[in-house]
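Taking it in order: structure first as structure tokens, then the write-up.
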There are 4 protein chains.
Amino acid sequence: MVKVGIVGASGFTGAELVRLLANHPQVEITVATSEIFAGKKLSGVYPGLGRAGNITLTPLAQAALSPNAVDVVLLALPHGESQSVAPSLLRAGMKVIDLSGDFRFHDPAVYAKWYGREHTAKDYADQAVYGMPELFREKIKPARFVANPGCFVTSAVLGAYPLLQAKLVEPQALIVDAKSGLSGAGRKAKLETMFTSVSENVVPYKLAGTHQHTPEMEMALAQATGQNVVITFTPQLVPARRGILSMIYGRLTKKISAAEVTALYQTTYAQEPFVRVQGTGAAWPDLAGAVGSNDCVLAATVDERTNTVLVVSVLDNLIKGAAGQAIQNLNLISGLDETMGLPQSGFAI
Amino acid sequence: MVKVGIVGASGFTGAELVRLLANHPQVEITVATSEIFAGKKLSGVYPGLGRAGNITLTPLAQAALSPNAVDVVLLALPHGESQSVAPSLLRAGMKVIDLSGDFRFHDPAVYAKWYGREHTAKDYADQAVYGMPELFREKIKPARFVANPGCFVTSAVLGAYPLLQAKLVEPQALIVDAKSGLSGAGRKAKLETMFTSVSENVVPYKLAGTHQHTPEMEMALAQATGQNVVITFTPQLVPARRGILSMIYGRLTKKISAAEVTALYQTTYAQEPFVRVQGTGAAWPDLAGAVGSNDCVLAATVDERTNTVLVVSVLDNLIKGAAGQAIQNLNLISGLDETMGLPQSGFAI
Amino acid sequence: MVKVGIVGASGFTGAELVRLLANHPQVEITVATSEIFAGKKLSGVYPGLGRAGNITLTPLAQAALSPNAVDVVLLALPHGESQSVAPSLLRAGMKVIDLSGDFRFHDPAVYAKWYGREHTAKDYADQAVYGMPELFREKIKPARFVANPGCFVTSAVLGAYPLLQAKLVEPQALIVDAKSGLSGAGRKAKLETMFTSVSENVVPYKLAGTHQHTPEMEMALAQATGQNVVITFTPQLVPARRGILSMIYGRLTKKISAAEVTALYQTTYAQEPFVRVQGTGAAWPDLAGAVGSNDCVLAATVDERTNTVLVVSVLDNLIKGAAGQAIQNLNLISGLDETMGLPQSGFAI
Amino acid sequence: MVKVGIVGASGFTGAELVRLLANHPQVEITVATSEIFAGKKLSGVYPGLGRAGNITLTPLAQAALSPNAVDVVLLALPHGESQSVAPSLLRAGMKVIDLSGDFRFHDPAVYAKWYGREHTAKDYADQAVYGMPELFREKIKPARFVANPGCFVTSAVLGAYPLLQAKLVEPQALIVDAKSGLSGAGRKAKLETMFTSVSENVVPYKLAGTHQHTPEMEMALAQATGQNVVITFTPQLVPARRGILSMIYGRLTKKISAAEVTALYQTTYAQEPFVRVQGTGAAWPDLAGAVGSNDCVLAATVDERTNTVLVVSVLDNLIKGAAGQAIQNLNLISGLDETMGLPQSGFAI
């Protein structure tokens, strides 16, 4: 059994880790921390967790985070807080998977620019492996420190990678128009995420190169394809609890048909357990079709009238976009089958 | 391995059976039928099912429904259609769990009155055991034919049973004000269940003793408690995909406190794996707190000003209210652990 | 032209007053206050208001609230804050319509008990006329101080009044099971009203005689019918922006048919411009059928099996349940036609 | 008073025309037709219309459509049906505003290609003036036959026009990523528009140059700017009742700042009563901010990293995208003030 500690278990991502790991046959959660709800059971915070939430939350300062009790620590903290936690855990000999944005950029200056704060653990900034298994699996397996990708980023990168790898599109003119459900905005009460603010609504925010996931998409695609990638990223909130649907537009550099692009996607991801490519003729992927699963669902087509390739990329932001991908990484660094404990399907209804 | 056939696999309940059984370690789905989608994969109808939907649908007439291939048949057909299917399956030696209303009443006249049609398999009308494990577990275990309860009924009966059993309330003055998500209305396209009809809406229907679940609630409670029970049942659609929340009002026949009623519920269901009783002081159960789980979540309190006891009863209509309860029954009649393959939790978010 | 000041214009009710009064041919808004958004245009807070929001917000302390500039002040403040504002406005000679709960009870002890705080303007506690035109129109006309009813209260009282007036039901065993959209919870950001908390959910709260609208319903019905009324009130949040649907259950004291009860309602409200009674045979009123209008929509039926009368009562909580009813009162105390400026219909879609 | 006949009054657009015209001081509805609901009151189909729906529906064949009774006929029929109705009305001397796609293209071959059917009134195909007042007001005023624009088209064309007019973008590389509420899909019951299909979902459809609004956008922009325009149009359903939010991407042909683009939009539409341009610094327009109004709300910015201009364009599909714009046209061809009877604001909440 792999002993796992979850730091920040009462946030949305932390609770999703608990829910998913309750079905993992080779993982035992030995520690779960929360500052606000310390002393409570997690099921008191999220009654819906039922028996899976029968775990007592402890404050981080009192948590038994040592190699005796914990093999891998999953950090599900707000952005900026992992920097003060990860280094000491690593030094103490535990493996760490950080689900925040803190260790995704090897250059702390990039972090400072997009997150608007200095990095406080610069010595560790270049230590984490970027944890997107489909692109960097072999680097992840031996890693002791993994930076789990952002939710929008996972959707955009898995969607755009085959186009760039095949040099089909101009790398500096990609557009990612992404719609996200509200769980992506986290658990904190804000006017912007009240029911009366977002139901019956679509809300654009951080437009035109201001969202912090923009450079992360560019970095991951550049690393994977060796090209200088620049993206116009347009996030929008839609009235749904879960899910991200990205519409990716690329300007074609050569003639190609919808069938050929689809074949490229099917070939690229043929061996991937958690990427599903819809064939031509099937319905386009929709948000609900990915919710509840760990799958990124893709389809590609071509608008010949404007020489544009169009990719639909959908995933569940809390699973493939966060906790599920983290469990893929947990399995990989623990020598387990990568799919272990992860759902085989989402919801039909 | 128990070999299972699902008749009517492309409806909402059938698809939910497939989704849940994909996680069942001792069940293998050997047959899945659909008339409309015969020849297709179930994942073509419900892309969200992903790998769990990798099963080819056959028309019933061509399905290999024989004891060689199938131990238990789950009938997930529209009301009225099981009558022509169940008898021959039983005669051929297979066990049958019927999820429709066709075999819940032993008196075909009651069926005819509330469903508005003659029963066409009267010889079998009194053959099925009513499949609510919490009340009739020992009768279910040896059964070869089980009538799985209605969704509203499960919520109302589990909610009201302790009050009646303890003779705390007038048995002929119960009120069940129930709110249901839209999956309860089935997969057929109707004006009444379009998004524009039910979003931002609450829609009462079949009020004042006209809904066919009314006599079923009364029958199950009468059987379990030996009292003549009469209920005012008020179903309402709410803009949610899943879930039923029933507010049950009873007129007290003796003084009792909220704490005492709560203790009664906790005692009654102490050994039940799929009934959760919220204690006094906890938040009231809400719809989302049961969705995704096989749990019926209950809380009880007393309004001393009007001498009324109030019970909140919540469940996922597709799981505890249909497919999940059917799997409890499947486990029971197959000699398996009753909880096998069923979710240990719902969703936190 | 009637000159109107709105105190608290940036809350949901205040903004709804502005939206509706923009269509009122005999009203001019001369003052609109807000502390948080002082100095801003109201359209900066609510872009959807468009041209109607072209009004600059001032802090209350600097607002020109004098009889020269303002004939009637509408107080749209949080509960508890009108007590310190209304008395001086009245003394200065302006008429006041208070939309909060502060002056609805003539006995300050009742206020203290249910609102959990001492009343700080006891001399004025019994000065306001209760502003429900359908029941108290003649008292309202000459009034200089009106307490506008609560939203749940308006729905319950208009729904139950004919039954009590005709002595058809036991007055101390009424049940009001009410479902409300989220705008009823106000504009303040709270965890309980986030999209992720209430979408796909139904949330019961303040059950069993703990909601402050309970005694107000009882008081209004007692005043109108001369009976001692006691109510079990069960509020629940449903995932909708607007609207309240109350299901009212009464225990009949005599035999009566659904047609007779319907006729009673039609007769009672025959002259009312803002009460619509659906006849037998029509669809039951639903939430969406009242949204956008100033109508309370009613239907009544009888469950003969349990001797229960059932009334469905629906309204838009921000219009008939707050701002619209306040405009009825404004018209009445200003000598205008009661319907002036109010919408003649809600939405079809 | 202008006497108006509404043909197809029981569809969503027809009902919205009735709702809006109930507030029009110079219009009287003298005829309203419906085949399915002939003989019923419109309020029986849409109870929410209340008093505004107190109008009896007649079948078209029996409707008093003559110049004595009707000055202007509004055709709110499904696509394809106006062709057999409009010509005879015009010949009889009535003015006609057609809200379908039947007469928007002067070339019947374009219609045949995109709507998949032959045009059956070719003689009249080039007779209608395209009714987008902001671009073609002077042509509309004297017209006797107006083709009212499509909902997506109105959003895209008002959003893109200033960019093309100023020659700021490549005219053959525009992308319009549009999200629409469900009322845009019409009143017919379909599996695709059930609550269970679209709630908690985002559903792309007719991608990559297959939606019939594509050539209409291109035609209108070409007519207005004299350029050959080609657009990649990506419609998506979002779980909302009303509203369209279009995200428009253009490839800049010269350097320009966000402030300069915003100023261009403000200048272009300075005199328009129903176009609102949000300034830099304000929140981005969201769907809810346009719902209930006749406004098209716009904002523009520049992503300098990719040399892309981005325009957000939002409107209520049933008002500015259909019935409201038709009333602008009705006012124009009737010699009335263009804004008469139209809402001055949408909803704050």
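Letters A, B, ... mark the chains of the structure tokens in the order given; residue numbers begin at 1 per chain; ligand numbers begin at 1, in order shown.
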Counting only C-alpha atoms, which residues from chain A have an atom at most 6 Å from any atom of chain C, and could you show them as an MDAnalysis selection string? chainID A and resid 189:191 193:196 241
Write the residues you've just listed into a file as a short mmCIF file (atom, residue, chain, number, x, y, z; two decimals), in the first residue's frame, and include all heavy atoms for each of them.
```cif
data_model
loop_
_atom_site.label_atom_id
_atom_site.label_comp_id
_atom_site.auth_asym_id
_atom_site.auth_seq_id
_atom_site.Cartn_x
_atom_site.Cartn_y
_atom_site.Cartn_z
N ALA A 189 -16.03 31.99 -1.05
CA ALA A 189 -17.22 32.76 -1.40
C ALA A 189 -16.82 34.10 -2.00
O ALA A 189 -16.11 34.88 -1.38
CB ALA A 189 -18.10 32.97 -0.17
N LYS A 190 -17.25 34.34 -3.22
CA LYS A 190 -16.99 35.61 -3.89
C LYS A 190 -18.27 36.03 -4.61
O LYS A 190 -19.02 35.18 -5.08
CB LYS A 190 -15.86 35.45 -4.93
CG LYS A 190 -14.49 35.33 -4.32
CD LYS A 190 -13.43 35.10 -5.38
CE LYS A 190 -13.50 33.68 -5.93
NZ LYS A 190 -12.36 33.31 -6.78
N LEU A 191 -18.47 37.32 -4.74
CA LEU A 191 -19.63 37.83 -5.46
C LEU A 191 -19.69 37.25 -6.88
O LEU A 191 -20.76 36.92 -7.40
CB LEU A 191 -19.54 39.36 -5.52
CG LEU A 191 -20.78 40.10 -5.93
CD1 LEU A 191 -21.95 39.75 -5.04
CD2 LEU A 191 -20.54 41.61 -5.89
N THR A 193 -18.91 34.43 -8.03
CA THR A 193 -19.25 33.01 -8.20
C THR A 193 -20.53 32.63 -7.47
O THR A 193 -20.82 31.45 -7.30
CB THR A 193 -18.08 32.13 -7.70
OG1 THR A 193 -17.76 32.51 -6.36
CG2 THR A 193 -16.87 32.30 -8.57
N MET A 194 -21.30 33.63 -7.06
CA MET A 194 -22.61 33.33 -6.49
C MET A 194 -23.55 32.80 -7.58
O MET A 194 -23.39 33.12 -8.76
CB MET A 194 -23.23 34.60 -5.90
CG MET A 194 -22.58 35.03 -4.60
SD MET A 194 -23.25 36.63 -4.07
CE MET A 194 -24.92 36.12 -3.59
N PHE A 195 -24.55 32.05 -7.16
CA PHE A 195 -25.52 31.53 -8.11
C PHE A 195 -26.15 32.66 -8.92
O PHE A 195 -26.29 32.57 -10.14
CB PHE A 195 -26.61 30.74 -7.38
CG PHE A 195 -27.59 30.10 -8.30
CD1 PHE A 195 -27.33 28.84 -8.84
CD2 PHE A 195 -28.76 30.73 -8.67
CE1 PHE A 195 -28.23 28.24 -9.72
CE2 PHE A 195 -29.66 30.14 -9.54
CZ PHE A 195 -29.39 28.89 -10.07
N THR A 196 -26.52 33.74 -8.23
CA THR A 196 -27.18 34.86 -8.93
C THR A 196 -26.23 35.58 -9.90
O THR A 196 -26.70 36.31 -10.77
CB THR A 196 -27.72 35.88 -7.92
OG1 THR A 196 -26.77 36.05 -6.87
CG2 THR A 196 -29.04 35.41 -7.33
N ARG A 241 -21.34 22.86 -12.95
CA ARG A 241 -20.50 22.61 -11.78
C ARG A 241 -19.09 22.21 -12.20
O ARG A 241 -18.12 22.65 -11.62
CB ARG A 241 -21.11 21.50 -10.92
CG ARG A 241 -22.44 21.88 -10.33
CD ARG A 241 -23.13 20.72 -9.66
NE ARG A 241 -22.65 20.43 -8.33
CZ ARG A 241 -23.07 21.04 -7.22
NH1 ARG A 241 -23.98 21.99 -7.28
NH2 ARG A 241 -22.59 20.70 -6.05
#
```
Give me the residues near Leu17 of chain C as an mmCIF file with C-alpha atoms, in the first residue's frame, where near means some atom within 9 Å (using only C-alpha atoms) and where sequence neighbours in that chain fewer than 3 positions away do not count.
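Full text of result11.cif as output:
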```cif
data_model
loop_
_atom_site.group_PDB
_atom_site.id
_atom_site.type_symbol
_atom_site.label_atom_id
_atom_site.label_comp_id
_atom_site.auth_asym_id
_atom_site.auth_seq_id
_atom_site.Cartn_x
_atom_site.Cartn_y
_atom_site.Cartn_z
ATOM 1 C CA ILE C 6 -34.547 54.844 -2.846
ATOM 2 C CA ALA C 9 -30.461 51.111 -4.257
ATOM 3 C CA PHE C 12 -31.223 43.272 -5.317
ATOM 4 C CA THR C 13 -34.509 44.834 -4.183
ATOM 5 C CA GLY C 14 -33.267 48.366 -4.683
ATOM 6 C CA LEU C 20 -39.498 48.843 -12.554
ATOM 7 C CA LEU C 21 -39.819 52.554 -11.792
ATOM 8 C CA ALA C 22 -38.008 53.389 -15.034
ATOM 9 C CA LEU C 74 -38.511 53.505 -0.298
ATOM 10 C CA ALA C 76 -34.543 48.766 0.638
ATOM 11 C CA LEU C 318 -38.407 40.476 -6.330
ATOM 12 C CA ILE C 319 -41.612 41.865 -7.888
ATOM 13 C CA ALA C 322 -40.898 42.980 -2.853
ATOM 14 C CA ALA C 323 -40.470 45.830 -5.340
ATOM 15 C CA GLY C 324 -43.694 45.366 -7.293
ATOM 16 C CA ALA C 326 -44.028 48.275 -2.905
ATOM 17 C CA ILE C 327 -45.018 50.088 -6.095
#
```
Check your understanding: What is the atom CA of Thr280 of chain B to atom CA of Gly44 of chain A distance in Å?
Key ->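 Atom CA of Gly44 of chain A lies at a distance of 12.7 Å from atom CA of Thr280 of chain B.
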Subject >> DSSP strand (DSSP E or B) selection over segment 198-244 of chain B, as a PyMOL selection string >> reply: chain B and resi 203-204+231-237+244
**OP:** Record the distance separating atom CA of Gly250 of chain B and atom CA of Ala166 of chain B, expressed in Å with one decimal.
**Re:**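 Value for the atom CA of Gly250 of chain B-atom CA of Ala166 of chain B distance: 12.5 Å.
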Test item: residues at most 12 Å from segment 84-96 of chain D, only C-alpha atoms, excluding those fewer than 3 positions along its chain, as a short mmCIF file (atom, residue, chain, number, x, y, z; two decimals) with N, CA and C atoms, in the first residue's frame:
```
data_model
loop_
_atom_site.label_atom_id
_atom_site.label_comp_id
_atom_site.auth_asym_id
_atom_site.auth_seq_id
_atom_site.Cartn_x
_atom_site.Cartn_y
_atom_site.Cartn_z
N VAL D 2 -51.00 51.47 -35.16
CA VAL D 2 -50.62 50.55 -36.21
C VAL D 2 -51.25 49.19 -35.90
N LYS D 3 -51.99 48.64 -36.86
CA LYS D 3 -52.62 47.34 -36.65
C LYS D 3 -51.68 46.24 -37.14
N VAL D 4 -51.39 45.30 -36.24
CA VAL D 4 -50.37 44.30 -36.53
C VAL D 4 -50.97 42.90 -36.47
N GLY D 5 -50.60 42.08 -37.43
CA GLY D 5 -50.94 40.67 -37.39
C GLY D 5 -49.69 39.86 -37.14
N ILE D 6 -49.80 38.86 -36.26
CA ILE D 6 -48.66 38.00 -35.98
C ILE D 6 -48.99 36.60 -36.47
N VAL D 7 -48.23 36.14 -37.45
CA VAL D 7 -48.45 34.80 -38.00
C VAL D 7 -47.43 33.87 -37.35
N GLY D 8 -47.93 32.88 -36.62
CA GLY D 8 -47.04 31.99 -35.87
C GLY D 8 -46.84 32.51 -34.46
N LEU D 60 -54.19 30.09 -39.71
CA LEU D 60 -53.83 31.05 -40.75
C LEU D 60 -54.91 31.16 -41.82
N ALA D 61 -55.46 30.01 -42.21
CA ALA D 61 -56.43 30.01 -43.31
C ALA D 61 -57.67 30.83 -43.00
N ALA D 63 -57.59 33.50 -40.79
CA ALA D 63 -57.21 34.76 -40.16
C ALA D 63 -57.60 35.95 -41.05
N ALA D 64 -58.05 37.01 -40.40
CA ALA D 64 -58.50 38.21 -41.12
C ALA D 64 -57.32 39.05 -41.56
N LEU D 65 -56.50 38.49 -42.46
CA LEU D 65 -55.31 39.19 -42.91
C LEU D 65 -55.64 40.00 -44.16
N SER D 66 -56.15 41.20 -43.94
CA SER D 66 -56.46 42.09 -45.06
C SER D 66 -56.07 43.50 -44.64
N PRO D 67 -55.84 44.37 -45.59
CA PRO D 67 -55.41 45.74 -45.27
C PRO D 67 -56.41 46.47 -44.38
N ASN D 68 -57.64 46.05 -44.35
CA ASN D 68 -58.58 46.70 -43.43
C ASN D 68 -58.21 46.44 -41.98
N ALA D 69 -57.78 45.22 -41.72
CA ALA D 69 -57.56 44.81 -40.34
C ALA D 69 -56.10 44.88 -39.92
N VAL D 70 -55.22 44.90 -40.90
CA VAL D 70 -53.80 44.73 -40.60
C VAL D 70 -52.96 45.66 -41.46
N ASP D 71 -52.12 46.47 -40.81
CA ASP D 71 -51.17 47.31 -41.55
C ASP D 71 -49.88 46.55 -41.85
N VAL D 72 -49.40 45.86 -40.83
CA VAL D 72 -48.12 45.15 -40.96
C VAL D 72 -48.30 43.72 -40.45
N VAL D 73 -47.80 42.76 -41.23
CA VAL D 73 -47.80 41.37 -40.78
C VAL D 73 -46.39 40.98 -40.35
N LEU D 74 -46.29 40.43 -39.14
CA LEU D 74 -45.02 39.89 -38.67
C LEU D 74 -45.08 38.38 -38.82
N LEU D 75 -44.17 37.83 -39.63
CA LEU D 75 -44.16 36.38 -39.86
C LEU D 75 -43.14 35.74 -38.91
N ALA D 76 -43.65 34.97 -37.96
CA ALA D 76 -42.78 34.28 -36.99
C ALA D 76 -42.91 32.78 -37.19
N LEU D 77 -42.69 32.36 -38.42
CA LEU D 77 -42.88 30.96 -38.81
C LEU D 77 -41.55 30.22 -38.83
N PRO D 78 -41.59 28.90 -38.79
CA PRO D 78 -40.36 28.13 -38.98
C PRO D 78 -39.76 28.43 -40.36
N HIS D 79 -38.42 28.27 -40.45
CA HIS D 79 -37.74 28.50 -41.72
C HIS D 79 -38.41 27.68 -42.81
N GLY D 80 -38.64 28.29 -43.95
CA GLY D 80 -39.22 27.59 -45.09
C GLY D 80 -40.70 27.86 -45.30
N GLU D 81 -41.37 28.30 -44.24
CA GLU D 81 -42.82 28.47 -44.36
C GLU D 81 -43.24 29.87 -44.79
N LEU D 99 -39.49 37.16 -39.98
CA LEU D 99 -38.43 36.86 -39.01
C LEU D 99 -37.68 35.57 -39.32
N SER D 100 -38.04 34.87 -40.36
CA SER D 100 -37.33 33.64 -40.71
C SER D 100 -36.16 33.93 -41.64
N ASP D 102 -36.05 33.06 -44.73
CA ASP D 102 -36.50 32.81 -46.11
C ASP D 102 -36.15 33.90 -47.11
N PHE D 103 -36.11 35.14 -46.66
CA PHE D 103 -35.92 36.23 -47.63
C PHE D 103 -34.70 37.09 -47.34
N HIS D 119 -35.81 27.42 -53.05
CA HIS D 119 -36.67 28.54 -52.69
C HIS D 119 -37.92 28.48 -53.56
N THR D 120 -39.08 28.64 -52.94
CA THR D 120 -40.33 28.47 -53.70
C THR D 120 -40.99 29.80 -54.04
N ALA D 121 -40.32 30.90 -53.71
CA ALA D 121 -40.89 32.21 -54.08
C ALA D 121 -39.79 33.06 -54.66
N LYS D 122 -39.17 32.52 -55.72
CA LYS D 122 -37.96 33.15 -56.26
C LYS D 122 -38.21 34.59 -56.70
N ASP D 123 -39.42 34.87 -57.18
CA ASP D 123 -39.72 36.23 -57.64
C ASP D 123 -39.60 37.25 -56.52
N TYR D 124 -39.77 36.79 -55.30
CA TYR D 124 -39.72 37.71 -54.17
C TYR D 124 -38.39 37.65 -53.41
N ALA D 125 -37.52 36.75 -53.87
CA ALA D 125 -36.29 36.53 -53.10
C ALA D 125 -35.45 37.80 -52.96
N GLN D 127 -36.66 40.90 -52.99
CA GLN D 127 -37.53 42.04 -52.72
C GLN D 127 -37.41 42.61 -51.31
N ALA D 128 -36.91 41.81 -50.38
CA ALA D 128 -36.90 42.28 -48.99
C ALA D 128 -35.64 43.09 -48.68
N VAL D 129 -35.81 44.12 -47.89
CA VAL D 129 -34.67 44.87 -47.37
C VAL D 129 -34.17 44.16 -46.12
N GLY D 131 -33.14 43.83 -42.60
CA GLY D 131 -33.58 44.72 -41.53
C GLY D 131 -32.66 44.85 -40.34
N ILE D 140 -34.41 50.77 -44.86
CA ILE D 140 -35.54 50.11 -44.21
C ILE D 140 -36.76 51.03 -44.17
N LYS D 141 -36.53 52.31 -43.87
CA LYS D 141 -37.66 53.22 -43.63
C LYS D 141 -38.74 53.16 -44.71
N PRO D 142 -38.38 53.21 -45.98
CA PRO D 142 -39.45 53.18 -46.99
C PRO D 142 -39.89 51.78 -47.38
N ALA D 143 -39.32 50.76 -46.77
CA ALA D 143 -39.57 49.39 -47.25
C ALA D 143 -40.98 48.92 -46.94
N ARG D 144 -41.47 48.03 -47.80
CA ARG D 144 -42.74 47.38 -47.54
C ARG D 144 -42.51 45.90 -47.17
N PHE D 145 -41.29 45.44 -47.30
CA PHE D 145 -40.96 44.03 -47.05
C PHE D 145 -39.57 44.00 -46.41
N VAL D 146 -39.51 43.50 -45.21
CA VAL D 146 -38.25 43.49 -44.47
C VAL D 146 -37.92 42.05 -44.05
N ALA D 147 -36.67 41.67 -44.28
CA ALA D 147 -36.17 40.38 -43.78
C ALA D 147 -35.41 40.66 -42.49
N ASN D 148 -35.96 40.19 -41.39
CA ASN D 148 -35.35 40.43 -40.08
C ASN D 148 -34.15 39.50 -39.90
N ALA D 326 -37.28 43.24 -34.72
CA ALA D 326 -38.44 43.33 -35.61
C ALA D 326 -39.29 44.56 -35.25
N ASN D 329 -37.77 47.57 -36.66
CA ASN D 329 -38.14 47.66 -38.07
C ASN D 329 -39.60 48.07 -38.25
N LEU D 330 -40.47 47.52 -37.42
CA LEU D 330 -41.89 47.89 -37.47
C LEU D 330 -42.04 49.40 -37.24
N LEU D 332 -39.77 51.71 -37.75
CA LEU D 332 -39.18 52.44 -38.87
C LEU D 332 -40.11 52.48 -40.08
N ILE D 333 -40.68 51.34 -40.44
CA ILE D 333 -41.53 51.33 -41.65
C ILE D 333 -42.90 51.95 -41.38
N SER D 334 -43.21 52.18 -40.09
CA SER D 334 -44.50 52.78 -39.75
C SER D 334 -44.37 54.27 -39.43
#
```
(request) Looking only at alpha helix (DSSP H) from DSSP on the backbone, list the matching residues of segment 11-193 of chain A as a PyMOL selection string. (result) chain A and resi 12-21+42-45+86-91+108-115+133-140+151-165
Shortest contact to Leu174 of chain B, candidates C:Tyr249, C:Lys320, C:Gln83, C:Val18, atoms counted only C-alpha atoms, goes to C:Tyr249
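Rounded to one decimal, atom CA of Lys179 of chain B and atom CA of Gln236 of chain B lie 4.8 Å from each other.
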